[in-house]
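Following: one structure in structure tokens, then a few remarks.
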Amino acid sequence: MERRTPPDTAEGWYVLHDFRTVDWNAWREAPDRRRERAIAEGVDYLRAAERVADAEEGASATAAILGHEADLLVVHLRPSLADLNVLERRFEQTAFATFTERSDSYVSVTEASGYAGASDYFDPDAEADPGMKRYIESRLYPDIPDADYLSFYPMDKRRDPEYNWYDMPFDERAEHMSSHGEIGKTYAGKVRQIISGSAGLDDHEWGVTLFGDDPADIKDLLYEMRFDPSSSKYAEFGRFRLGQRFDPANLRAFMAGESLTGEPDAGDGHPRAAGTGREHGGEANGHPTGGESGGHHDGARGDSPHGQDDSAHGHGGGDGHHHGGESGDPPGDVRSELDELGVYAGQPHGEDVRAVVLYSAADPDELFGEVDGLRTNFDHYDTHVKTAVYEPTEVASDDAETAVVSLWETESAAETAAGFLADLPEVVRQAGDDSADSWGTMGMFYAVKPERRADFVGTFADVGETLDGMDGHRKTDLLANREDENDMFIASRWDSREDAMEFFRSDDFAETVEYGRDILEERPRHVFLA
């Protein structure tokens, strides 16, 4: 008898989807003082849960469910089932709970399982790619996406005599998941997901929670995936439930049948922020998140329901700066030293954009085609600033690589985008993932005056000769935006931070900075990457 070996899995936070139905008759008949106490205690409970006041890490969210099966959904992610148990019991102690009845629930645990590129993560003798490691950890310890709507459903893989997922060879399953993932890519930035395994924990094998600002995007994604064989032949789905997210402070508005997108006051007389006002922190309590981290690696999805990736392995830092290094030098010290030299290195906590930079050895035409398709989806989002391909110029070294730069207004958006960009062909590395034995800098935002482009390139060539003679210098390349030859990008690598700083302190660099004031449309920014 042949026994198939299942893919390795890793588990992270336990998840409880707690569906509640309100006893509206009891609510209408209750005296005002009792209802006031119920709202106050309900708001306190939900706020504390979303702040994760009860545990070291995790996340929670509240939603109003549409339809007859429930009125409210509270989603909790915590390190242990014991933590979830405490949250359940604490809710039952509130005055608000007396007006509700649990109509359904689902228990699961965030999961990542490995095919292909994820195998090194599960191999104790292998060194996993840093991007892959962050990707997997972002699935195990996810933040809850800041989206207006969520859809939850459980599902299984079919075990019918004709279509049995678990009887398929490993390679065939991997191929199915890869194909499924291609569909998910087209919804980058529109729909995000949290996948949790539930075999032995609940009635199905997985729980899937999809998040999006437009419910039609969720519908379109699921509709399109139904035509993929991994769904049409091998998937069984449970009931779907759709909810509108809201700030716990809007519980009063929910119970009153009012809009959930106004200015909540929770009955304490203090207006909150307009809009949904959801108070979701950025990183998930110290764990790398995908923000919304890892990469869009098809091989890391295991048997999870959808190939669509909801995470990334981006780097934060103001204006695309990932400051610091293995030397442990505080990034502020670098900025301060450069500021004294008249070199702008961005503000300590960022300004207007976050950048993700990847280098690829692929043919530039092929790479541009892939990038152009991704940014068509990126452009649906107001947080997207720019995504461009920078090719080596005529003065770059022979081994210079093409760079992809994606700029975003928020760190979480940049991290999400990085997950999809990481799946571009022949990615060599992502800026920030380099080895610890060197120090890297990038000069960005070199907007050259069109009439002075030749002067800029010539000056770079002259400076390049100086750099070649400096101790500790490895390589420096000048790249230009494929769609705008006057938009330049400079990447350098040094043996150490001090070697790079020695150049920045030199007269040659000071003259270059002064010269740049005449030929650049705006001041450049210098980015440091360990």
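In the structure tokens, each chain is lettered A, B, ... as it comes, each chain's residues begin at 1, and ligands are numbered from 1 in order of appearance.
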Quick one: contact table of segment 105-189 of chain A to segment 374-383 of chain A, 7 Å max, nearest atom pair and distance in Å to one decimal per residue, counting only C-alpha atoms, chain and number order, as a tab-separated table?
residue	atom	partner	partner_atom	distance
A:Thr186	CA	A:Asn377	CA	6.9
A:Tyr187	CA	A:Asn377	CA	7.0
A:Ala188	CA	A:Asn377	CA	6.3
A:Gly189	CA	A:Phe378	CA	6.4
Residues of the last selection are to be written out with N, CA and C atoms, as a PDB file, in the first residue's frame.
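Now in part_32.pdb:
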ATOM      1  N   THR A 186      -3.844  38.545  -9.747  1.00  0.00           N
ATOM      2  CA  THR A 186      -4.568  39.616 -10.441  1.00  0.00           C
ATOM      3  C   THR A 186      -5.411  40.444  -9.475  1.00  0.00           C
ATOM      4  N   TYR A 187      -5.538  39.977  -8.240  1.00  0.00           N
ATOM      5  CA  TYR A 187      -6.297  40.725  -7.233  1.00  0.00           C
ATOM      6  C   TYR A 187      -5.373  41.335  -6.184  1.00  0.00           C
ATOM      7  N   ALA A 188      -4.110  41.505  -6.545  1.00  0.00           N
ATOM      8  CA  ALA A 188      -3.135  42.109  -5.625  1.00  0.00           C
ATOM      9  C   ALA A 188      -3.627  43.481  -5.181  1.00  0.00           C
ATOM     10  N   GLY A 189      -3.656  43.701  -3.869  1.00  0.00           N
ATOM     11  CA  GLY A 189      -4.077  44.975  -3.341  1.00  0.00           C
ATOM     12  C   GLY A 189      -5.575  45.131  -3.210  1.00  0.00           C
TER      13      GLY A 189
END
Residues near Arg139 of chain A, anyone? I mean within 8 Å using only C-alpha atoms, not counting same-chain ones fewer than 2 positions away, as an mmCIF file with C-alpha atoms, in the first residue's frame.
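The new file part.cif reads:
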data_model
loop_
_atom_site.group_PDB
_atom_site.id
_atom_site.type_symbol
_atom_site.label_atom_id
_atom_site.label_comp_id
_atom_site.auth_asym_id
_atom_site.auth_seq_id
_atom_site.Cartn_x
_atom_site.Cartn_y
_atom_site.Cartn_z
ATOM 1 C CA GLY A 12 0.957 30.090 14.396
ATOM 2 C CA THR A 110 -3.072 29.955 11.131
ATOM 3 C CA GLU A 111 -1.069 27.628 8.967
ATOM 4 C CA ALA A 112 1.701 27.542 6.386
ATOM 5 C CA TYR A 135 6.487 35.340 4.052
ATOM 6 C CA ILE A 136 5.737 32.209 6.057
ATOM 7 C CA GLU A 137 5.838 34.063 9.356
ATOM 8 C CA TYR A 141 1.288 35.748 12.659
ATOM 9 C CA PRO A 142 -0.842 37.972 10.401
ATOM 10 C CA ILE A 194 -6.019 34.866 6.350
ATOM 11 C CA ILE A 195 -5.873 31.089 5.976
ATOM 12 C CA THR A 289 3.658 40.935 9.111
ATOM 13 C CA SER A 311 1.643 39.134 2.368
#
Contact residues around segment 150-155 of chain A with only C-alpha atoms at 6 Å, ignoring same-chain residues under 4 positions, as an mmCIF file with C-alpha atoms, in the first residue's frame:
data_model
loop_
_atom_site.group_PDB
_atom_site.id
_atom_site.type_symbol
_atom_site.label_atom_id
_atom_site.label_comp_id
_atom_site.auth_asym_id
_atom_site.auth_seq_id
_atom_site.Cartn_x
_atom_site.Cartn_y
_atom_site.Cartn_z
ATOM 1 C CA HIS A 204 -13.895 21.458 7.930
ATOM 2 C CA TRP A 206 -9.671 25.212 6.566
ATOM 3 C CA GLY A 207 -11.235 28.515 7.450
ATOM 4 C CA VAL A 208 -10.773 31.306 4.924
ATOM 5 C CA THR A 209 -11.261 34.983 5.762
ATOM 6 C CA LEU A 210 -11.065 37.394 2.833
ATOM 7 C CA PHE A 211 -10.761 41.155 3.286
ATOM 8 C CA GLU A 236 -15.948 21.770 -1.232
ATOM 9 C CA PHE A 237 -17.217 24.938 0.426
ATOM 10 C CA GLY A 238 -19.267 25.623 3.543
ATOM 11 C CA ARG A 239 -21.545 28.602 4.189
ATOM 12 C CA PHE A 240 -20.334 32.085 3.255
ATOM 13 C CA ARG A 241 -20.866 35.018 5.590
ATOM 14 C CA LEU A 242 -20.222 38.653 4.703
ATOM 15 C CA GLY A 243 -19.627 41.390 7.251
#
Item checked: Contacts of Asn85 of chain A within 12 Å, only C-alpha atoms, excl. fewer than 4 positions in-chain, as a ChimeraX atom specification -> /A:14-16,18,54,76-81,89-92,107
Limited to C-alpha atoms, could you put the picked residues into a file as a PDB file, in the first residue's frame?
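Result file part25.pdb:
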ATOM      1  CA  TYR A  14      -5.217  30.144  17.025  1.00  0.00           C
ATOM      2  CA  VAL A  15      -8.312  31.731  15.543  1.00  0.00           C
ATOM      3  CA  LEU A  16     -11.891  32.040  16.779  1.00  0.00           C
ATOM      4  CA  ASP A  18     -17.474  34.093  17.093  1.00  0.00           C
ATOM      5  CA  ASP A  54      -5.361  40.212  27.239  1.00  0.00           C
ATOM      6  CA  HIS A  76      -9.820  36.763  17.582  1.00  0.00           C
ATOM      7  CA  LEU A  77      -6.270  35.582  16.832  1.00  0.00           C
ATOM      8  CA  ARG A  78      -4.206  34.578  19.870  1.00  0.00           C
ATOM      9  CA  PRO A  79      -1.118  32.464  20.650  1.00  0.00           C
ATOM     10  CA  SER A  80      -3.070  29.649  22.316  1.00  0.00           C
ATOM     11  CA  LEU A  81      -6.490  28.072  22.623  1.00  0.00           C
ATOM     12  CA  ARG A  89     -15.598  33.641  29.007  1.00  0.00           C
ATOM     13  CA  ARG A  90     -14.866  37.342  29.459  1.00  0.00           C
ATOM     14  CA  PHE A  91     -17.425  38.248  26.829  1.00  0.00           C
ATOM     15  CA  GLU A  92     -20.064  36.186  28.616  1.00  0.00           C
ATOM     16  CA  VAL A 107     -11.990  27.351  15.602  1.00  0.00           C
TER      17      VAL A 107
END
Next item on the list: Pick out the residues sitting within 8 Å of Ile519 of chain A, and hand them over as a count of residues only; count only C-alpha atoms, and ignore anything fewer than 6 positions along from it in its own chain.
Entry: 5
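Closest approach to Ala64 of chain A from the set A:Asp217, A:Asp8, A:Asp477, A:Glu258 is made by A:Glu258, with distances taken over only C-alpha atoms.
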Near Ala431 of chain A, counting only C-alpha atoms, which residues have an atom at most 8 Å away, once you skip same-chain residues fewer than 6 positions from it, shown as a short mmCIF file (atom, residue, chain, number, x, y, z; two decimals) with C-alpha atoms, in the first residue's frame?
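Below is the file result-v3.cif, written as the result:
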data_model
loop_
_atom_site.label_atom_id
_atom_site.label_comp_id
_atom_site.auth_asym_id
_atom_site.auth_seq_id
_atom_site.Cartn_x
_atom_site.Cartn_y
_atom_site.Cartn_z
CA VAL A 356 10.43 48.30 -2.12
CA VAL A 357 13.47 47.62 -4.33
CA LEU A 358 14.26 44.30 -5.99
CA TYR A 359 16.99 43.35 -8.43
CA LEU A 529 20.83 49.07 3.26
#
Next item on the list: In Å, rounded to a single decimal, give me how far atom CA of Gly458 of chain A is from atom CA of Phe504 of chain A.
Entry: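 Value for the atom CA of Phe504 of chain A-atom CA of Gly458 of chain A distance: 19.3 Å.
Within the 6 Å cut-off around segment 38-50 of chain A, using only C-alpha atoms and omitting residues fewer than 6 positions from it on the same chain, the listed residues are A:Ser60, A:Thr94, A:Ala95, A:Phe96, A:Pro248, A:Ala249.
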Output of the above residues as an mmCIF file, in the first residue's frame, restricted to all heavy atoms:
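Dumped everything to selection10.cif:
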data_model
loop_
_atom_site.group_PDB
_atom_site.id
_atom_site.type_symbol
_atom_site.label_atom_id
_atom_site.label_comp_id
_atom_site.auth_asym_id
_atom_site.auth_seq_id
_atom_site.Cartn_x
_atom_site.Cartn_y
_atom_site.Cartn_z
ATOM 1 N N SER A 60 -7.611 41.254 16.803
ATOM 2 C CA SER A 60 -9.053 41.045 16.851
ATOM 3 C C SER A 60 -9.726 42.041 15.929
ATOM 4 O O SER A 60 -9.164 43.091 15.608
ATOM 5 C CB SER A 60 -9.605 41.213 18.280
ATOM 6 O OG SER A 60 -9.148 40.192 19.141
ATOM 7 N N THR A 94 -19.993 40.125 30.275
ATOM 8 C CA THR A 94 -20.441 41.496 30.009
ATOM 9 C C THR A 94 -21.961 41.578 29.982
ATOM 10 O O THR A 94 -22.665 40.604 29.659
ATOM 11 C CB THR A 94 -19.903 42.010 28.662
ATOM 12 O OG1 THR A 94 -20.513 41.279 27.589
ATOM 13 C CG2 THR A 94 -18.390 41.859 28.588
ATOM 14 N N ALA A 95 -22.478 42.758 30.293
ATOM 15 C CA ALA A 95 -23.924 42.992 30.225
ATOM 16 C C ALA A 95 -24.415 42.909 28.786
ATOM 17 O O ALA A 95 -25.569 42.555 28.540
ATOM 18 C CB ALA A 95 -24.255 44.358 30.838
ATOM 19 N N PHE A 96 -23.549 43.218 27.831
ATOM 20 C CA PHE A 96 -23.957 43.152 26.430
ATOM 21 C C PHE A 96 -24.239 41.714 26.011
ATOM 22 O O PHE A 96 -25.140 41.443 25.206
ATOM 23 C CB PHE A 96 -22.870 43.760 25.543
ATOM 24 C CG PHE A 96 -23.228 43.784 24.089
ATOM 25 C CD1 PHE A 96 -24.167 44.684 23.596
ATOM 26 C CD2 PHE A 96 -22.644 42.894 23.203
ATOM 27 C CE1 PHE A 96 -24.514 44.694 22.256
ATOM 28 C CE2 PHE A 96 -22.979 42.894 21.860
ATOM 29 C CZ PHE A 96 -23.922 43.804 21.386
ATOM 30 N N PRO A 248 -15.191 49.390 17.376
ATOM 31 C CA PRO A 248 -15.993 49.037 18.547
ATOM 32 C C PRO A 248 -16.767 50.226 19.124
ATOM 33 O O PRO A 248 -17.863 50.049 19.677
ATOM 34 C CB PRO A 248 -14.948 48.532 19.545
ATOM 35 C CG PRO A 248 -13.870 47.964 18.688
ATOM 36 C CD PRO A 248 -13.803 48.892 17.500
ATOM 37 N N ALA A 249 -16.215 51.429 18.989
ATOM 38 C CA ALA A 249 -16.911 52.603 19.502
ATOM 39 C C ALA A 249 -18.218 52.857 18.775
ATOM 40 O O ALA A 249 -19.047 53.647 19.239
ATOM 41 C CB ALA A 249 -16.007 53.831 19.397
#
